[in-house]
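Okay, so here's the structure we're looking at.
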Amino acid sequence: MQNDGIKKLVETRYGKNIAFSNECEELSMHIKKSIQAIISPQTLRRLLGFIDDGVLPSKRTLHYISIYCGFQNYQELAKKLSNKTEENVSGKDEISLIKQFYNIELSDNIIDINYHRACSNIAKIILKNPKLFEELAGYLSKNPVSQIYFFERFPFISSLCNGYVIHLKKYLQEKKTVEAKLFANCLFFLGAYLSGNLKDQKKYLDIINAIQNIDKIHPFPIARKIMSNVLYAYEIKDTESIKHWTKIAFEQEHKYQTEWKSRNIFPFYHYLMVDCFNLISDYETSMKFIKIAELDYKSYNDGSIEIGYYESFDLMKAICIFHLGQKNDAKRILNRTDSNALQFTFYEYHLIHRLKLEIKMCSGNSIKKQKLQKALADLIIKTGFTKLAL
């Protein structure tokens with residue numbers, strides 16, 4: 001067994017090095033708090049190399065440690081240890097600076113767009129460097145500021161099938177609010193949907209629908225719950241459930257209209273509803289949400305929201321109206337929409353949709369169409385989003 005490797009994984013999950021055997025007391029308590037499983041301090045001392053008495057850890061201990069570190073089971077953890085990876089290219093100073101950044105105390109009553117954008121830049125650095133992310137994941141999942149300004153504000157949609165979920169599970173072990181549970185499980189579902197895993201879709205949907213008291217949370221998780229149910233119903237060809245959840249989608253929108261007195265905000269809820277109904281080719285329903293958003297919500301970015309959301313909303317609108325027969329208007333929207341402006345956490349996801357639309361706009365079997373098809377195929381392989389393949 002690779003004690004050093006396990007110790008490193010436990011330390012990165014825990015968020016700090018474990019240098020002394022007495023620290024296993026606190027680690028044991030943290031494991032219990034995170035995953036509701038008990039591993040005694042003495043067992044942890046053996047596992048982490050502080051005691052060498054020849055006693056091997058039980059299968060249950062290895063299973064719990066694997067869950068704690070974000071894996072499904074010990075087989076996954078062992079596979080991770082057996083794969084040779086490059087040395088961490090990030091220095092201790094860089095890691096320390098990032099931790100100091102998230103240690104800033106924030107006011108609950110002030111939305112600072114400059115701090116938000118700074119967090120965007122930090123998130124970009126972390127997410128582009130898997131080894132750095134692995135080093136920081138334990139800390140990021142435990143820190144109250146990074147729970148919000150890393151995991152919640154910048155969910156890495158484009159990597160839902162490529163390793164991101166293992167760190168999102170650590171966040172969910174630490175933050176146990178109703179909103180966190182709904183948010184994370186909806187992303188787990190989306191990853192299962194995009195990879196075509198029907199079994200996991202059902203597993204996560206059952207968890208999502210069992211979560212109670214969600215009326216007062218942010219519209220994004222609410223929309224993702226509805227989206228999860230619509231997509232699964234479409235997968236299993238349950239037309240009655242699609243009708244049921246479509247009705248709920250509009251009822252929820254009406255509730256927001258009643259509660260939100262000011263319309264000077266981005267239509268977060270509608271943004272996801274348009275994406276949802278585009279995915280099941282119900283473009284008439286998508287168009288209804290687009291029209292509500294255009295009439296009642298802010299339709300341009302005045303600098304108060306992250307760059308990329310309006311651009312992706314424009315892209316989704318182009319997809320919708322193209323399939324409703326407004327092909328020239330769809331092309332005009334596409335021509336004014338810069339792919340490079342798409343927000344980095346969902347860049348590949350929306351780029352796939354753009355490429356699919358551009359391919360449909362091409363006639364015959366032109367060189368351009370062949371290049372677009374090659375680019376699309378490469379992105380499907382990169383992301384693992386097999387569900388979105390042509």
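By convention in this document, the chains of the structure tokens carry letters A, B, ... by their order, each chain's residues are numbered from 1, and ligands are numbered from 1 in the order they are shown.
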Which residues of region 215-277 of chain A sit at most 12 Å from region 153-164 of chain A, using only C-alpha atoms? Give each one's shortest atom pair and distance in Å (one decimal place), in chain and ascending residue order, as CSV.
residue,atom,partner,partner_atom,distance
A:His218,CA,A:Arg153,CA,11.6
A:Phe220,CA,A:Arg153,CA,10.6
A:Pro221,CA,A:Pro155,CA,11.9
Polymer residues at most 9 Å from region 40-46 of chain A, only C-alpha atoms, same-chain spacing of 3 or more positions, as number ranges by chain: A: 21-29, 49-57, 61
For the selection just defined, write its residues with N, CA and C atoms to a file, as a PDB file, in the first residue's frame.
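This went into part.pdb:
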ATOM      1  N   SER A  21       1.649  13.311  15.167  1.00  0.00           N
ATOM      2  CA  SER A  21       0.645  12.273  15.364  1.00  0.00           C
ATOM      3  C   SER A  21      -0.583  12.778  16.121  1.00  0.00           C
ATOM      4  N   ASN A  22      -0.389  13.771  17.014  1.00  0.00           N
ATOM      5  CA  ASN A  22      -1.547  14.256  17.776  1.00  0.00           C
ATOM      6  C   ASN A  22      -2.556  14.996  16.886  1.00  0.00           C
ATOM      7  N   GLU A  23      -2.141  15.400  15.687  1.00  0.00           N
ATOM      8  CA  GLU A  23      -3.076  16.063  14.765  1.00  0.00           C
ATOM      9  C   GLU A  23      -4.115  15.095  14.213  1.00  0.00           C
ATOM     10  N   CYS A  24      -3.875  13.800  14.396  1.00  0.00           N
ATOM     11  CA  CYS A  24      -4.840  12.800  13.931  1.00  0.00           C
ATOM     12  C   CYS A  24      -6.133  12.853  14.734  1.00  0.00           C
ATOM     13  N   GLU A  25      -6.070  13.427  15.953  1.00  0.00           N
ATOM     14  CA  GLU A  25      -7.294  13.610  16.742  1.00  0.00           C
ATOM     15  C   GLU A  25      -8.249  14.557  16.014  1.00  0.00           C
ATOM     16  N   GLU A  26      -7.731  15.701  15.600  1.00  0.00           N
ATOM     17  CA  GLU A  26      -8.553  16.688  14.895  1.00  0.00           C
ATOM     18  C   GLU A  26      -8.978  16.159  13.532  1.00  0.00           C
ATOM     19  N   LEU A  27      -8.081  15.444  12.850  1.00  0.00           N
ATOM     20  CA  LEU A  27      -8.410  14.870  11.560  1.00  0.00           C
ATOM     21  C   LEU A  27      -9.563  13.881  11.686  1.00  0.00           C
ATOM     22  N   SER A  28      -9.548  13.056  12.712  1.00  0.00           N
ATOM     23  CA  SER A  28     -10.620  12.093  12.939  1.00  0.00           C
ATOM     24  C   SER A  28     -11.963  12.796  13.095  1.00  0.00           C
ATOM     25  N   MET A  29     -11.970  13.896  13.838  1.00  0.00           N
ATOM     26  CA  MET A  29     -13.208  14.657  14.031  1.00  0.00           C
ATOM     27  C   MET A  29     -13.678  15.282  12.720  1.00  0.00           C
ATOM     28  N   GLY A  49       1.386   6.668   8.714  1.00  0.00           N
ATOM     29  CA  GLY A  49       2.792   6.344   8.916  1.00  0.00           C
ATOM     30  C   GLY A  49       3.393   6.766  10.236  1.00  0.00           C
ATOM     31  N   PHE A  50       2.577   7.226  11.200  1.00  0.00           N
ATOM     32  CA  PHE A  50       3.114   7.598  12.510  1.00  0.00           C
ATOM     33  C   PHE A  50       3.323   6.370  13.396  1.00  0.00           C
ATOM     34  N   ILE A  51       2.608   5.296  13.103  1.00  0.00           N
ATOM     35  CA  ILE A  51       2.774   4.026  13.808  1.00  0.00           C
ATOM     36  C   ILE A  51       3.062   2.942  12.765  1.00  0.00           C
ATOM     37  N   ASP A  52       4.095   2.151  13.009  1.00  0.00           N
ATOM     38  CA  ASP A  52       4.456   1.063  12.098  1.00  0.00           C
ATOM     39  C   ASP A  52       4.518  -0.226  12.900  1.00  0.00           C
ATOM     40  N   ASP A  53       3.332  -0.830  13.126  1.00  0.00           N
ATOM     41  CA  ASP A  53       3.275  -2.052  13.919  1.00  0.00           C
ATOM     42  C   ASP A  53       2.823  -3.261  13.102  1.00  0.00           C
ATOM     43  N   GLY A  54       2.792  -3.086  11.784  1.00  0.00           N
ATOM     44  CA  GLY A  54       2.440  -4.205  10.918  1.00  0.00           C
ATOM     45  C   GLY A  54       0.954  -4.427  10.746  1.00  0.00           C
ATOM     46  N   VAL A  55       0.120  -3.647  11.437  1.00  0.00           N
ATOM     47  CA  VAL A  55      -1.331  -3.800  11.322  1.00  0.00           C
ATOM     48  C   VAL A  55      -1.813  -3.039  10.088  1.00  0.00           C
ATOM     49  N   LEU A  56      -2.473  -3.744   9.181  1.00  0.00           N
ATOM     50  CA  LEU A  56      -2.944  -3.124   7.947  1.00  0.00           C
ATOM     51  C   LEU A  56      -4.342  -2.542   8.140  1.00  0.00           C
ATOM     52  N   PRO A  57      -4.644  -1.457   7.465  1.00  0.00           N
ATOM     53  CA  PRO A  57      -5.981  -0.865   7.578  1.00  0.00           C
ATOM     54  C   PRO A  57      -7.043  -1.779   6.987  1.00  0.00           C
ATOM     55  N   THR A  61     -11.901   1.039   6.468  1.00  0.00           N
ATOM     56  CA  THR A  61     -11.093   2.246   6.656  1.00  0.00           C
ATOM     57  C   THR A  61     -10.660   2.825   5.315  1.00  0.00           C
TER      58      THR A  61
END
Long-range neighbours of Ala137 (chain A) as a ChimeraX atom specification, 9 Å cut-off, only C-alpha atoms, 3 positions minimum in chain: /A:12-15,132-134,140-142,167-168,170-171
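Relative to CA of Lys124 (chain A), CA of Asp93 (chain A) is found at 17.7 Å.
For the pair CA of Leu315 (chain A) and CA of Trp245 (chain A), the separation is 24.2 Å.
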According to DSSP computed on the backbone, where in region 48-256 of chain A is there helix (DSSP H, G or I)? Give the residues as a ChimeraX atom specification. /A:59-68,74-82,92-102,113-127,130-142,144-152,157-159,164-174,178-194,198-210,219-235,239-256
So that I have them on file, write out the residues from the current selection with C-alpha atoms, as a CSV table (one decimal), in the first residue's frame.
chain,number,residue,atom,x,y,z
A,59,LYS,CA,-11.3,-2.4,3.8
A,60,ARG,CA,-13.8,-0.2,5.6
A,61,THR,CA,-11.1,2.2,6.7
A,62,LEU,CA,-9.8,2.4,3.1
A,63,HIS,CA,-13.3,2.9,1.8
A,64,TYR,CA,-14.0,5.8,4.2
A,65,ILE,CA,-10.7,7.5,3.4
A,66,SER,CA,-11.4,7.2,-0.3
A,67,ILE,CA,-14.9,8.8,0.2
A,68,TYR,CA,-13.3,11.6,2.3
A,74,TYR,CA,-10.8,2.6,-2.8
A,75,GLN,CA,-10.3,1.2,-6.3
A,76,GLU,CA,-10.6,4.7,-7.6
A,77,LEU,CA,-8.1,6.0,-5.0
A,78,ALA,CA,-5.6,3.2,-5.8
A,79,LYS,CA,-5.9,3.9,-9.5
A,80,LYS,CA,-5.1,7.6,-8.8
A,81,LEU,CA,-2.0,6.6,-6.9
A,82,SER,CA,-0.9,4.2,-9.5
A,92,LYS,CA,4.4,27.3,-1.9
A,93,ASP,CA,4.3,31.1,-2.3
A,94,GLU,CA,1.6,30.9,-5.0
A,95,ILE,CA,-0.5,28.6,-2.9
A,96,SER,CA,0.0,30.8,0.1
A,97,LEU,CA,-1.0,34.0,-1.8
A,98,ILE,CA,-4.2,32.3,-3.1
A,99,LYS,CA,-5.1,31.2,0.5
A,100,GLN,CA,-4.5,34.8,1.7
A,101,PHE,CA,-6.8,36.1,-1.0
A,102,TYR,CA,-9.7,34.0,0.1
A,113,ILE,CA,-18.1,43.3,-8.6
A,114,ASN,CA,-14.3,44.1,-8.5
A,115,TYR,CA,-13.7,41.5,-5.9
A,116,HIS,CA,-15.9,39.1,-7.9
A,117,ARG,CA,-13.8,39.7,-11.0
A,118,ALA,CA,-10.6,39.2,-9.0
A,119,CYS,CA,-12.0,35.9,-7.9
A,120,SER,CA,-12.7,35.1,-11.5
A,121,ASN,CA,-9.0,35.6,-12.3
A,122,ILE,CA,-7.9,33.5,-9.4
A,123,ALA,CA,-10.4,30.7,-10.3
A,124,LYS,CA,-9.1,30.7,-13.8
A,125,ILE,CA,-5.5,30.2,-12.6
A,126,ILE,CA,-6.6,27.3,-10.3
A,127,LEU,CA,-8.8,25.6,-12.8
A,130,PRO,CA,-5.1,20.5,-12.2
A,131,LYS,CA,-2.1,20.0,-9.8
A,132,LEU,CA,-2.7,23.4,-8.2
A,133,PHE,CA,-6.4,22.6,-7.9
A,134,GLU,CA,-5.6,19.3,-6.2
A,135,GLU,CA,-3.2,21.0,-3.8
A,136,LEU,CA,-5.9,23.7,-2.9
A,137,ALA,CA,-9.1,21.7,-3.1
A,138,GLY,CA,-9.2,20.8,0.6
A,139,TYR,CA,-8.7,24.4,1.6
A,140,LEU,CA,-11.1,25.8,-0.9
A,141,SER,CA,-13.8,23.4,0.2
A,142,LYS,CA,-13.5,24.4,3.8
A,144,PRO,CA,-16.4,30.0,3.7
A,145,VAL,CA,-15.3,32.7,1.2
A,146,SER,CA,-13.9,30.3,-1.4
A,147,GLN,CA,-17.0,28.1,-1.0
A,148,ILE,CA,-19.0,31.0,-2.4
A,149,TYR,CA,-16.4,32.8,-4.6
A,150,PHE,CA,-14.8,29.7,-6.1
A,151,PHE,CA,-17.2,26.8,-6.1
A,152,GLU,CA,-20.6,28.6,-6.2
A,157,ILE,CA,-19.3,23.3,-16.2
A,158,SER,CA,-16.9,22.4,-19.0
A,159,SER,CA,-15.1,19.9,-16.8
A,164,TYR,CA,-14.0,18.5,-11.4
A,165,VAL,CA,-16.6,16.5,-9.7
A,166,ILE,CA,-14.2,14.9,-7.3
A,167,HIS,CA,-13.4,18.3,-5.8
A,168,LEU,CA,-17.0,19.4,-5.9
A,169,LYS,CA,-17.8,16.4,-3.6
A,170,LYS,CA,-15.3,17.8,-1.1
A,171,TYR,CA,-17.1,21.1,-1.1
A,172,LEU,CA,-20.4,19.3,-0.4
A,173,GLN,CA,-18.8,17.4,2.4
A,174,GLU,CA,-18.0,20.7,4.1
A,178,VAL,CA,-29.9,23.0,1.6
A,179,GLU,CA,-28.7,25.3,-1.2
A,180,ALA,CA,-25.3,23.7,-1.3
A,181,LYS,CA,-26.8,20.2,-1.5
A,182,LEU,CA,-29.2,21.2,-4.3
A,183,PHE,CA,-26.5,23.1,-6.2
A,184,ALA,CA,-23.9,20.3,-6.1
A,185,ASN,CA,-26.2,17.5,-6.9
A,186,CYS,CA,-27.7,19.3,-9.9
A,187,LEU,CA,-24.2,19.7,-11.3
A,188,PHE,CA,-23.6,16.0,-10.6
A,189,PHE,CA,-26.7,15.2,-12.5
A,190,LEU,CA,-25.7,17.5,-15.4
A,191,GLY,CA,-22.3,15.7,-15.7
A,192,ALA,CA,-24.1,12.4,-15.8
A,193,TYR,CA,-26.5,13.7,-18.5
A,194,LEU,CA,-23.7,15.1,-20.6
A,198,LEU,CA,-28.6,7.2,-17.2
A,199,LYS,CA,-28.1,5.3,-14.0
A,200,ASP,CA,-26.3,8.2,-12.3
A,201,GLN,CA,-28.9,10.6,-13.7
A,202,LYS,CA,-31.6,8.7,-11.8
A,203,LYS,CA,-29.4,8.5,-8.6
A,204,TYR,CA,-28.8,12.2,-8.5
A,205,LEU,CA,-32.3,13.1,-9.5
A,206,ASP,CA,-33.7,11.1,-6.5
A,207,ILE,CA,-31.4,13.1,-4.2
A,208,ILE,CA,-32.4,16.4,-5.9
A,209,ASN,CA,-36.1,15.8,-5.6
A,210,ALA,CA,-35.8,14.7,-1.9
A,219,PRO,CA,-32.8,31.0,-8.9
A,220,PHE,CA,-29.9,29.1,-10.4
A,221,PRO,CA,-30.3,26.0,-8.3
A,222,ILE,CA,-34.1,26.2,-8.6
A,223,ALA,CA,-33.7,26.3,-12.4
A,224,ARG,CA,-31.2,23.5,-12.3
A,225,LYS,CA,-33.6,21.3,-10.4
A,226,ILE,CA,-36.3,21.9,-13.0
A,227,MET,CA,-33.8,21.4,-15.8
A,228,SER,CA,-32.7,18.0,-14.3
A,229,ASN,CA,-36.2,16.7,-14.1
A,230,VAL,CA,-37.0,17.9,-17.7
A,231,LEU,CA,-33.9,16.3,-19.1
A,232,TYR,CA,-34.4,13.0,-17.3
A,233,ALA,CA,-38.1,12.9,-18.4
A,234,TYR,CA,-37.0,13.5,-22.0
A,235,GLU,CA,-34.4,10.7,-21.7
A,239,THR,CA,-44.1,13.2,-21.9
A,240,GLU,CA,-46.4,13.7,-18.9
A,241,SER,CA,-43.5,14.5,-16.6
A,242,ILE,CA,-42.1,17.0,-19.2
A,243,LYS,CA,-45.5,18.7,-19.2
A,244,HIS,CA,-45.6,18.7,-15.5
A,245,TRP,CA,-42.1,20.3,-15.0
A,246,THR,CA,-42.7,22.7,-17.9
A,247,LYS,CA,-45.7,24.0,-16.0
A,248,ILE,CA,-43.7,24.3,-12.8
A,249,ALA,CA,-41.0,26.2,-14.8
A,250,PHE,CA,-43.5,28.9,-15.7
A,251,GLU,CA,-45.1,29.0,-12.3
A,252,GLN,CA,-41.7,29.5,-10.8
A,253,GLU,CA,-41.0,32.3,-13.3
A,254,HIS,CA,-44.3,34.0,-12.3
A,255,LYS,CA,-43.2,33.8,-8.7
A,256,TYR,CA,-40.0,35.7,-9.5
Would you mind reading off the distance between CA of Ser58 (chain A) and CA of Lys175 (chain A), one decimal, in Å? 28.3 Å
